[in-house]
>>> print(open('target_3.pdb').read())   # PDB, C-alpha atoms
MODEL        1
ATOM      1  CA  MET A   1       0.729   7.531   0.472  1.00  0.00           C
ATOM      2  CA  LYS A   2      -0.697   5.072   2.978  1.00  0.00           C
ATOM      3  CA  PHE A   3       0.917   4.971   6.398  1.00  0.00           C
ATOM      4  CA  LYS A   4      -0.418   2.927   9.305  1.00  0.00           C
ATOM      5  CA  LEU A   5       1.581   3.054  12.501  1.00  0.00           C
ATOM      6  CA  GLY A   6      -1.040   1.447  14.718  1.00  0.00           C
ATOM      7  CA  LYS A   7      -0.845  -1.847  12.886  1.00  0.00           C
ATOM      8  CA  GLU A   8       2.918  -1.468  12.454  1.00  0.00           C
ATOM      9  CA  ARG A   9       2.799  -1.790   8.709  1.00  0.00           C
ATOM     10  CA  CYS A  10       2.841   0.616   5.852  1.00  0.00           C
ATOM     11  CA  LEU A  11       3.027   0.914   2.126  1.00  0.00           C
ATOM     12  CA  LEU A  12       4.914   3.909   0.807  1.00  0.00           C
ATOM     13  CA  THR A  13       4.965   4.682  -2.866  1.00  0.00           C
ATOM     14  CA  GLY A  14       5.935   7.535  -5.098  1.00  0.00           C
ATOM     15  CA  PHE A  15       8.467   9.349  -2.944  1.00  0.00           C
ATOM     16  CA  PHE A  16      12.013   8.832  -1.817  1.00  0.00           C
ATOM     17  CA  VAL A  17      12.389   8.190   1.871  1.00  0.00           C
ATOM     18  CA  ASN A  18      13.830  11.639   2.602  1.00  0.00           C
ATOM     19  CA  LYS A  19      10.838  13.268   0.924  1.00  0.00           C
ATOM     20  CA  ILE A  20       8.540  11.058   3.009  1.00  0.00           C
ATOM     21  CA  ALA A  21      10.348  12.044   6.193  1.00  0.00           C
ATOM     22  CA  LYS A  22       9.941  15.718   5.354  1.00  0.00           C
ATOM     23  CA  ARG A  23       6.190  15.248   4.847  1.00  0.00           C
ATOM     24  CA  LEU A  24       5.575  13.255   8.031  1.00  0.00           C
ATOM     25  CA  ASP A  25       4.905  14.872  11.380  1.00  0.00           C
ATOM     26  CA  ILE A  26       8.353  14.220  12.781  1.00  0.00           C
ATOM     27  CA  ASN A  27       7.407  15.037  16.371  1.00  0.00           C
ATOM     28  CA  LYS A  28       4.360  12.778  16.263  1.00  0.00           C
ATOM     29  CA  LEU A  29       6.466   9.863  15.058  1.00  0.00           C
ATOM     30  CA  SER A  30       9.247  10.620  17.544  1.00  0.00           C
ATOM     31  CA  LEU A  31      11.703  10.520  14.698  1.00  0.00           C
ATOM     32  CA  SER A  32      14.736  12.704  15.075  1.00  0.00           C
ATOM     33  CA  LEU A  33      16.677  13.141  11.876  1.00  0.00           C
ATOM     34  CA  LYS A  34      19.338  15.238  13.599  1.00  0.00           C
ATOM     35  CA  SER A  35      20.265  12.580  16.123  1.00  0.00           C
ATOM     36  CA  SER A  36      19.283   9.736  13.783  1.00  0.00           C
ATOM     37  CA  SER A  37      17.492   8.029  16.632  1.00  0.00           C
ATOM     38  CA  PHE A  38      14.358   6.142  15.707  1.00  0.00           C
ATOM     39  CA  THR A  39      12.033   5.533  18.627  1.00  0.00           C
ATOM     40  CA  SER A  40       8.724   4.732  16.897  1.00  0.00           C
ATOM     41  CA  ILE A  41       9.585   2.936  13.667  1.00  0.00           C
ATOM     42  CA  PRO A  42      12.935   1.177  14.036  1.00  0.00           C
ATOM     43  CA  LYS A  43      11.614  -2.201  12.938  1.00  0.00           C
ATOM     44  CA  TYR A  44      11.064  -0.884   9.426  1.00  0.00           C
ATOM     45  CA  PHE A  45      14.722  -0.140   8.925  1.00  0.00           C
ATOM     46  CA  GLU A  46      16.253  -3.329  10.293  1.00  0.00           C
ATOM     47  CA  PHE A  47      16.861  -4.966   6.936  1.00  0.00           C
ATOM     48  CA  LEU A  48      16.413  -2.681   3.951  1.00  0.00           C
ATOM     49  CA  LEU A  49      16.984  -3.846   0.384  1.00  0.00           C
ATOM     50  CA  THR A  50      17.184  -1.591  -2.670  1.00  0.00           C
ATOM     51  CA  PHE A  51      16.803  -2.693  -6.272  1.00  0.00           C
ATOM     52  CA  SER A  52      17.500  -0.828  -9.499  1.00  0.00           C
ATOM     53  CA  THR A  53      15.944  -3.581 -11.612  1.00  0.00           C
ATOM     54  CA  ALA A  54      13.666  -1.106 -13.399  1.00  0.00           C
ATOM     55  CA  ALA A  55      16.829   0.283 -15.008  1.00  0.00           C
ATOM     56  CA  GLY A  56      18.084  -3.219 -15.845  1.00  0.00           C
ATOM     57  CA  ARG A  57      17.995  -2.611 -19.594  1.00  0.00           C
ATOM     58  CA  GLU A  58      19.900   0.640 -19.256  1.00  0.00           C
ATOM     59  CA  SER A  59      23.640   1.264 -19.075  1.00  0.00           C
ATOM     60  CA  ASP A  60      25.868   0.433 -16.137  1.00  0.00           C
ATOM     61  CA  GLU A  61      26.135   4.188 -15.586  1.00  0.00           C
ATOM     62  CA  ARG A  62      22.351   4.488 -15.115  1.00  0.00           C
ATOM     63  CA  LEU A  63      22.281   1.519 -12.769  1.00  0.00           C
ATOM     64  CA  SER A  64      25.025   3.174 -10.719  1.00  0.00           C
ATOM     65  CA  TYR A  65      23.061   6.439 -10.747  1.00  0.00           C
ATOM     66  CA  TRP A  66      20.035   4.759  -9.145  1.00  0.00           C
ATOM     67  CA  GLU A  67      22.162   2.835  -6.646  1.00  0.00           C
ATOM     68  CA  ASN A  68      23.991   6.016  -5.602  1.00  0.00           C
ATOM     69  CA  LEU A  69      20.716   7.916  -5.326  1.00  0.00           C
ATOM     70  CA  ALA A  70      19.399   5.304  -2.894  1.00  0.00           C
ATOM     71  CA  ILE A  71      22.625   5.525  -0.898  1.00  0.00           C
ATOM     72  CA  GLU A  72      22.278   9.305  -0.706  1.00  0.00           C
ATOM     73  CA  HIS A  73      18.639   9.291   0.332  1.00  0.00           C
ATOM     74  CA  PHE A  74      18.908   6.579   2.968  1.00  0.00           C
ATOM     75  CA  LYS A  75      22.078   8.181   4.321  1.00  0.00           C
ATOM     76  CA  ILE A  76      19.976  11.243   5.235  1.00  0.00           C
ATOM     77  CA  LEU A  77      18.075   8.961   7.613  1.00  0.00           C
ATOM     78  CA  ASN A  78      21.260   7.250   8.759  1.00  0.00           C
ATOM     79  CA  VAL A  79      19.813   3.963   7.545  1.00  0.00           C
ATOM     80  CA  SER A  80      22.058   1.284   6.140  1.00  0.00           C
ATOM     81  CA  HIS A  81      20.804  -0.861   3.313  1.00  0.00           C
ATOM     82  CA  THR A  82      21.883  -3.576   0.952  1.00  0.00           C
ATOM     83  CA  HIS A  83      21.680  -2.922  -2.756  1.00  0.00           C
ATOM     84  CA  ILE A  84      20.855  -6.046  -4.742  1.00  0.00           C
ATOM     85  CA  GLU A  85      22.212  -6.081  -8.276  1.00  0.00           C
ATOM     86  CA  ALA A  86      19.385  -7.662 -10.221  1.00  0.00           C
ATOM     87  CA  ARG A  87      18.834  -6.511 -13.797  1.00  0.00           C
ATOM     88  CA  ASN A  88      15.980  -8.851 -14.733  1.00  0.00           C
ATOM     89  CA  ARG A  89      13.603 -11.654 -13.781  1.00  0.00           C
ATOM     90  CA  GLU A  90      16.342 -14.284 -13.767  1.00  0.00           C
ATOM     91  CA  ASP A  91      18.482 -12.207 -11.394  1.00  0.00           C
ATOM     92  CA  LEU A  92      15.551 -11.442  -9.052  1.00  0.00           C
ATOM     93  CA  ASN A  93      14.666 -15.115  -8.749  1.00  0.00           C
ATOM     94  CA  GLN A  94      18.125 -16.366  -7.802  1.00  0.00           C
ATOM     95  CA  ASP A  95      18.176 -18.319  -4.536  1.00  0.00           C
ATOM     96  CA  SER A  96      20.498 -15.756  -2.928  1.00  0.00           C
ATOM     97  CA  VAL A  97      18.071 -12.899  -3.683  1.00  0.00           C
ATOM     98  CA  ILE A  98      15.085 -14.884  -2.399  1.00  0.00           C
ATOM     99  CA  GLU A  99      16.977 -15.610   0.833  1.00  0.00           C
ATOM    100  CA  GLU A 100      17.730 -11.881   1.289  1.00  0.00           C
ATOM    101  CA  MET A 101      14.041 -11.110   0.681  1.00  0.00           C
ATOM    102  CA  LYS A 102      13.013 -13.580   3.398  1.00  0.00           C
ATOM    103  CA  LYS A 103      15.045 -11.516   5.904  1.00  0.00           C
ATOM    104  CA  SER A 104      13.941  -8.123   4.603  1.00  0.00           C
ATOM    105  CA  ASN A 105      11.286  -5.860   6.051  1.00  0.00           C
ATOM    106  CA  PHE A 106      11.752  -2.892   3.699  1.00  0.00           C
ATOM    107  CA  VAL A 107      12.172  -3.007  -0.081  1.00  0.00           C
ATOM    108  CA  PHE A 108      12.783  -0.011  -2.317  1.00  0.00           C
ATOM    109  CA  PHE A 109      12.620  -0.013  -6.142  1.00  0.00           C
ATOM    110  CA  SER A 110      14.305   2.659  -8.257  1.00  0.00           C
ATOM    111  CA  GLY A 111      13.121   4.293 -11.433  1.00  0.00           C
ATOM    112  CA  GLY A 112      13.618   3.061 -14.948  1.00  0.00           C
ATOM    113  CA  SER A 113      11.148   1.123 -17.075  1.00  0.00           C
ATOM    114  CA  PRO A 114       7.957   0.184 -15.198  1.00  0.00           C
ATOM    115  CA  ASN A 115       7.103  -2.483 -17.764  1.00  0.00           C
ATOM    116  CA  HIS A 116      10.538  -4.090 -17.440  1.00  0.00           C
ATOM    117  CA  LEU A 117      10.214  -4.046 -13.653  1.00  0.00           C
ATOM    118  CA  TYR A 118       6.710  -5.527 -13.786  1.00  0.00           C
ATOM    119  CA  ASP A 119       7.823  -8.260 -16.211  1.00  0.00           C
ATOM    120  CA  SER A 120      10.779  -9.035 -13.945  1.00  0.00           C
ATOM    121  CA  ILE A 121       8.611  -9.382 -10.825  1.00  0.00           C
ATOM    122  CA  HIS A 122       5.098 -10.641 -11.571  1.00  0.00           C
ATOM    123  CA  ASP A 123       4.138 -14.281 -11.103  1.00  0.00           C
ATOM    124  CA  SER A 124       7.490 -15.383  -9.686  1.00  0.00           C
ATOM    125  CA  ASP A 125       9.132 -16.558  -6.472  1.00  0.00           C
ATOM    126  CA  PHE A 126      10.353 -12.988  -5.997  1.00  0.00           C
ATOM    127  CA  SER A 127       6.765 -11.744  -6.260  1.00  0.00           C
ATOM    128  CA  THR A 128       5.700 -14.176  -3.542  1.00  0.00           C
ATOM    129  CA  GLU A 129       8.456 -12.908  -1.254  1.00  0.00           C
ATOM    130  CA  LEU A 130       7.563  -9.295  -2.055  1.00  0.00           C
ATOM    131  CA  HIS A 131       3.999  -9.947  -0.875  1.00  0.00           C
ATOM    132  CA  ASP A 132       5.421 -11.379   2.348  1.00  0.00           C
ATOM    133  CA  VAL A 133       7.572  -8.257   2.848  1.00  0.00           C
ATOM    134  CA  GLU A 134       4.490  -6.060   2.388  1.00  0.00           C
ATOM    135  CA  LYS A 135       2.724  -8.024   5.132  1.00  0.00           C
ATOM    136  CA  ARG A 136       5.541  -7.463   7.631  1.00  0.00           C
ATOM    137  CA  GLY A 137       7.030  -4.139   6.568  1.00  0.00           C
ATOM    138  CA  ILE A 138       7.342  -1.601   3.778  1.00  0.00           C
ATOM    139  CA  ILE A 139       7.531  -1.771   0.012  1.00  0.00           C
ATOM    140  CA  SER A 140       8.304   1.470  -1.747  1.00  0.00           C
ATOM    141  CA  GLY A 141       9.543   2.944  -4.950  1.00  0.00           C
ATOM    142  CA  CYS A 142      10.415   5.961  -7.006  1.00  0.00           C
ATOM    143  CA  SER A 143       9.178   6.635 -10.505  1.00  0.00           C
ATOM    144  CA  ALA A 144       8.872   3.207 -12.175  1.00  0.00           C
ATOM    145  CA  GLY A 145       9.254   1.636  -8.736  1.00  0.00           C
ATOM    146  CA  ALA A 146       6.134   3.495  -7.612  1.00  0.00           C
ATOM    147  CA  MET A 147       4.179   2.954 -10.823  1.00  0.00           C
ATOM    148  CA  ILE A 148       4.168  -0.834 -10.456  1.00  0.00           C
ATOM    149  CA  MET A 149       2.378  -0.556  -7.100  1.00  0.00           C
ATOM    150  CA  GLY A 150      -0.974   0.365  -8.671  1.00  0.00           C
ATOM    151  CA  GLU A 151      -3.514  -2.008 -10.167  1.00  0.00           C
ATOM    152  CA  LYS A 152      -2.777  -0.533 -13.561  1.00  0.00           C
ATOM    153  CA  MET A 153      -0.099   1.553 -15.152  1.00  0.00           C
ATOM    154  CA  ILE A 154      -0.557   4.082 -17.929  1.00  0.00           C
ATOM    155  CA  LYS A 155       0.713   1.408 -20.314  1.00  0.00           C
ATOM    156  CA  GLY A 156      -0.048  -1.974 -18.785  1.00  0.00           C
ATOM    157  CA  VAL A 157      -1.003  -3.606 -15.532  1.00  0.00           C
ATOM    158  CA  GLY A 158       0.660  -3.161 -12.157  1.00  0.00           C
ATOM    159  CA  LEU A 159       1.247  -5.459  -9.202  1.00  0.00           C
ATOM    160  CA  ASN A 160      -2.049  -4.327  -7.594  1.00  0.00           C
ATOM    161  CA  TYR A 161      -0.740  -3.370  -4.159  1.00  0.00           C
ATOM    162  CA  LEU A 162      -3.001  -0.331  -4.543  1.00  0.00           C
ATOM    163  CA  PRO A 163      -6.274  -1.638  -6.053  1.00  0.00           C
ATOM    164  CA  ASN A 164      -8.235   0.662  -8.369  1.00  0.00           C
ATOM    165  CA  THR A 165      -5.201   2.936  -8.608  1.00  0.00           C
ATOM    166  CA  ILE A 166      -2.807   4.175 -11.242  1.00  0.00           C
ATOM    167  CA  VAL A 167       0.316   5.673  -9.661  1.00  0.00           C
ATOM    168  CA  ILE A 168       1.514   8.625 -11.736  1.00  0.00           C
ATOM    169  CA  PRO A 169       4.900  10.006 -10.694  1.00  0.00           C
ATOM    170  CA  HIS A 170       6.442  13.143 -12.181  1.00  0.00           C
ATOM    171  CA  TYR A 171       3.030  14.791 -12.310  1.00  0.00           C
ATOM    172  CA  GLY A 172       4.367  18.247 -13.112  1.00  0.00           C
ATOM    173  CA  GLU A 173       6.320  17.087 -16.149  1.00  0.00           C
ATOM    174  CA  SER A 174       4.981  17.780 -19.626  1.00  0.00           C
ATOM    175  CA  PHE A 175       4.571  14.088 -20.476  1.00  0.00           C
ATOM    176  CA  TYR A 176       1.677  13.937 -18.024  1.00  0.00           C
ATOM    177  CA  SER A 177       0.131  17.295 -18.906  1.00  0.00           C
ATOM    178  CA  TRP A 178      -2.846  15.441 -20.388  1.00  0.00           C
ATOM    179  CA  ILE A 179      -4.006  14.669 -16.840  1.00  0.00           C
ATOM    180  CA  SER A 180      -4.639  18.345 -16.152  1.00  0.00           C
ATOM    181  CA  ASN A 181      -6.859  18.487 -19.210  1.00  0.00           C
ATOM    182  CA  LEU A 182      -9.034  15.527 -18.162  1.00  0.00           C
ATOM    183  CA  SER A 183     -11.328  17.799 -16.156  1.00  0.00           C
ATOM    184  CA  LEU A 184     -12.178  19.578 -19.416  1.00  0.00           C
ATOM    185  CA  ILE A 185     -13.218  16.342 -21.086  1.00  0.00           C
ATOM    186  CA  HIS A 186     -16.495  14.598 -20.256  1.00  0.00           C
ATOM    187  CA  ILE A 187     -15.690  10.907 -19.914  1.00  0.00           C
TER
ENDMDL
END
>>> encode(input="target_3.pdb", output="structure tokens")
Amino acid sequence: MKFKLGKERCLLTGFFVNKIAKRLDINKLSLSLKSSSFTSIPKYFEFLLTFSTAAGRESDERLSYWENLAIEHFKILNVSHTHIEARNREDLNQDSVIEEMKKSNFVFFSGGSPNHLYDSIHDSDFSTELHDVEKRGIISGCSAGAMIMGEKMIKGVGLNYLPNTIVIPHYGESFYSWISNLSLIHI
């Protein structure tokens, strides 16, 4: 996690916002979750967009799951957001979505398929706007939404917001148990 308050910009990946808030020094940031008053970082929550595009090839039920999860997590911070229904590249690059991105200063991507999300974003008008959001605010994600932030993914390339990095969520799950064994192998 990279967090720069001095320059008023940050890139948060790999955690939901409520998990981030629990890990941050709340007193240092003057952030009061109980009163929901933000005194140090309000600009980052002025216009928040959430996307469940990574789950775009999944069922409507799964898309709703990710949308509702975002609602639940941002509600903890008393932060309103707009969920953009965009299942794929065509949806992300609609004029209405690009206009919303131009106003946004915080974008959150859900889980799902990192390769589908990457294919939907890279080398597009949406990608250009996402870079602009990163310059003025926060881009973040969970699971697949975090994985695309690295230069590479376990299976494929990422958007390279974190050069020389592979973001690996769900570390404790058995699928990624091979990582623990890397220290036993001389590479």
>>> residues_around(input="target_3.pdb", residues="Met149 (chain A)", least_positions_apart="5", cutoff="10 Å", atoms="all atoms listed in the file", output="ChimeraX atom specification")
/A:11-14,114,118,139-141,144,157-163,165-167
>>> residues_around(input="target_3.pdb", residues="Arg87 (chain A)", least_positions_apart="4", cutoff="9 Å", atoms="all atoms listed in the file", output="number ranges by chain")
A: 51-57, 63, 91-92, 117, 120
>>> residues_around(input="target_3.pdb", residues="Ser143 (chain A)", least_positions_apart="3", cutoff="7 Å", atoms="all atoms listed in the file", output="VMD selection string")
chain A and resid 14 110 to 111 146 to 147 169
>>> atom_distance(input="target_3.pdb", atom1="CA of Ser104 (chain A)", atom2="CA of Glu61 (chain A)")
26.6 Å
>>> resolve_selection(input="target_3.pdb", expression="the PyMOL selection byres ((chain A and resi 130) around 10)", output="list of chain:residue names")
A:Ile98, A:Met101, A:Lys102, A:Ser104, A:Asn105, A:Phe106, A:Val107, A:Ile121, A:His122, A:Ser124, A:Asp125, A:Phe126, A:Ser127, A:Thr128, A:Glu129, A:His131, A:Asp132, A:Val133, A:Glu134, A:Lys135, A:Ile138, A:Ile139
>>> closest_residue(input="target_3.pdb", among="A:Glu58, A:Glu99, A:Glu67, A:Glu90", to="Ser113 (chain A)", atoms="only C-alpha atoms")
A:Glu58
>>> build_atoms(input="target_3.pdb", residues="region 114-125 of chain A", atoms="all heavy atoms", output="short mmCIF file (atom, residue, chain, number, x, y, z; two decimals), in the coordinates of the input")
data_model
loop_
_atom_site.label_atom_id
_atom_site.label_comp_id
_atom_site.auth_asym_id
_atom_site.auth_seq_id
_atom_site.Cartn_x
_atom_site.Cartn_y
_atom_site.Cartn_z
N PRO A 114 8.94 0.90 -16.02
CA PRO A 114 7.96 0.18 -15.20
C PRO A 114 7.55 -1.15 -15.82
O PRO A 114 7.34 -2.13 -15.09
CB PRO A 114 6.77 1.15 -15.11
CG PRO A 114 6.94 2.11 -16.22
CD PRO A 114 8.41 2.18 -16.51
N ASN A 115 7.48 -1.22 -17.14
CA ASN A 115 7.10 -2.48 -17.76
C ASN A 115 8.18 -3.55 -17.59
O ASN A 115 7.88 -4.71 -17.34
CB ASN A 115 6.78 -2.27 -19.25
CG ASN A 115 5.49 -1.49 -19.41
OD1 ASN A 115 4.53 -1.70 -18.69
ND2 ASN A 115 5.48 -0.58 -20.36
N HIS A 116 9.45 -3.14 -17.69
CA HIS A 116 10.54 -4.09 -17.44
C HIS A 116 10.51 -4.57 -15.99
O HIS A 116 10.67 -5.77 -15.73
CB HIS A 116 11.90 -3.46 -17.77
CG HIS A 116 13.05 -4.35 -17.42
ND1 HIS A 116 13.32 -5.52 -18.10
CD2 HIS A 116 13.99 -4.25 -16.45
CE1 HIS A 116 14.38 -6.10 -17.56
NE2 HIS A 116 14.81 -5.35 -16.56
N LEU A 117 10.26 -3.66 -15.07
CA LEU A 117 10.21 -4.05 -13.65
C LEU A 117 9.05 -4.99 -13.41
O LEU A 117 9.20 -6.02 -12.75
CB LEU A 117 10.12 -2.80 -12.77
CG LEU A 117 10.14 -3.03 -11.27
CD1 LEU A 117 11.39 -3.80 -10.83
CD2 LEU A 117 10.06 -1.70 -10.53
N TYR A 118 7.87 -4.65 -13.94
CA TYR A 118 6.71 -5.53 -13.79
C TYR A 118 7.00 -6.91 -14.35
O TYR A 118 6.75 -7.93 -13.70
CB TYR A 118 5.48 -4.92 -14.47
CG TYR A 118 4.30 -5.86 -14.45
CD1 TYR A 118 3.47 -5.93 -13.34
CD2 TYR A 118 4.04 -6.69 -15.53
CE1 TYR A 118 2.41 -6.81 -13.30
CE2 TYR A 118 2.98 -7.58 -15.51
CZ TYR A 118 2.16 -7.64 -14.39
OH TYR A 118 1.11 -8.52 -14.36
N ASP A 119 7.52 -6.97 -15.58
CA ASP A 119 7.82 -8.26 -16.21
C ASP A 119 8.85 -9.06 -15.41
O ASP A 119 8.81 -10.29 -15.40
CB ASP A 119 8.34 -8.06 -17.64
CG ASP A 119 7.26 -7.57 -18.60
OD1 ASP A 119 6.05 -7.68 -18.27
OD2 ASP A 119 7.63 -7.03 -19.66
N SER A 120 9.75 -8.36 -14.74
CA SER A 120 10.78 -9.04 -13.94
C SER A 120 10.22 -9.60 -12.64
O SER A 120 10.76 -10.56 -12.10
CB SER A 120 11.92 -8.06 -13.62
OG SER A 120 12.56 -7.64 -14.80
N ILE A 121 9.14 -9.00 -12.14
CA ILE A 121 8.61 -9.38 -10.82
C ILE A 121 7.40 -10.31 -10.88
O ILE A 121 7.35 -11.32 -10.17
CB ILE A 121 8.24 -8.12 -10.01
CG1 ILE A 121 9.48 -7.32 -9.66
CG2 ILE A 121 7.47 -8.50 -8.73
CD1 ILE A 121 9.19 -5.99 -8.99
N HIS A 122 6.41 -9.97 -11.68
CA HIS A 122 5.10 -10.64 -11.57
C HIS A 122 5.18 -12.15 -11.74
O HIS A 122 6.01 -12.68 -12.47
CB HIS A 122 4.09 -10.04 -12.56
CG HIS A 122 4.12 -10.69 -13.91
ND1 HIS A 122 5.09 -10.45 -14.83
CD2 HIS A 122 3.28 -11.59 -14.47
CE1 HIS A 122 4.86 -11.16 -15.91
NE2 HIS A 122 3.77 -11.87 -15.73
N ASP A 123 4.30 -12.83 -10.99
CA ASP A 123 4.14 -14.28 -11.10
C ASP A 123 5.47 -15.02 -10.98
O ASP A 123 5.83 -15.80 -11.86
CB ASP A 123 3.44 -14.62 -12.42
CG ASP A 123 2.88 -16.04 -12.41
OD1 ASP A 123 2.60 -16.58 -11.32
OD2 ASP A 123 2.74 -16.62 -13.51
N SER A 124 6.18 -14.75 -9.90
CA SER A 124 7.49 -15.38 -9.69
C SER A 124 7.70 -15.65 -8.20
O SER A 124 6.93 -15.19 -7.36
CB SER A 124 8.60 -14.46 -10.20
OG SER A 124 8.69 -13.30 -9.39
N ASP A 125 8.77 -16.36 -7.88
CA ASP A 125 9.13 -16.56 -6.47
C ASP A 125 9.43 -15.22 -5.81
O ASP A 125 9.08 -15.00 -4.66
CB ASP A 125 10.35 -17.48 -6.36
CG ASP A 125 10.03 -18.90 -6.77
OD1 ASP A 125 8.85 -19.28 -6.79
OD2 ASP A 125 10.99 -19.65 -7.07
#
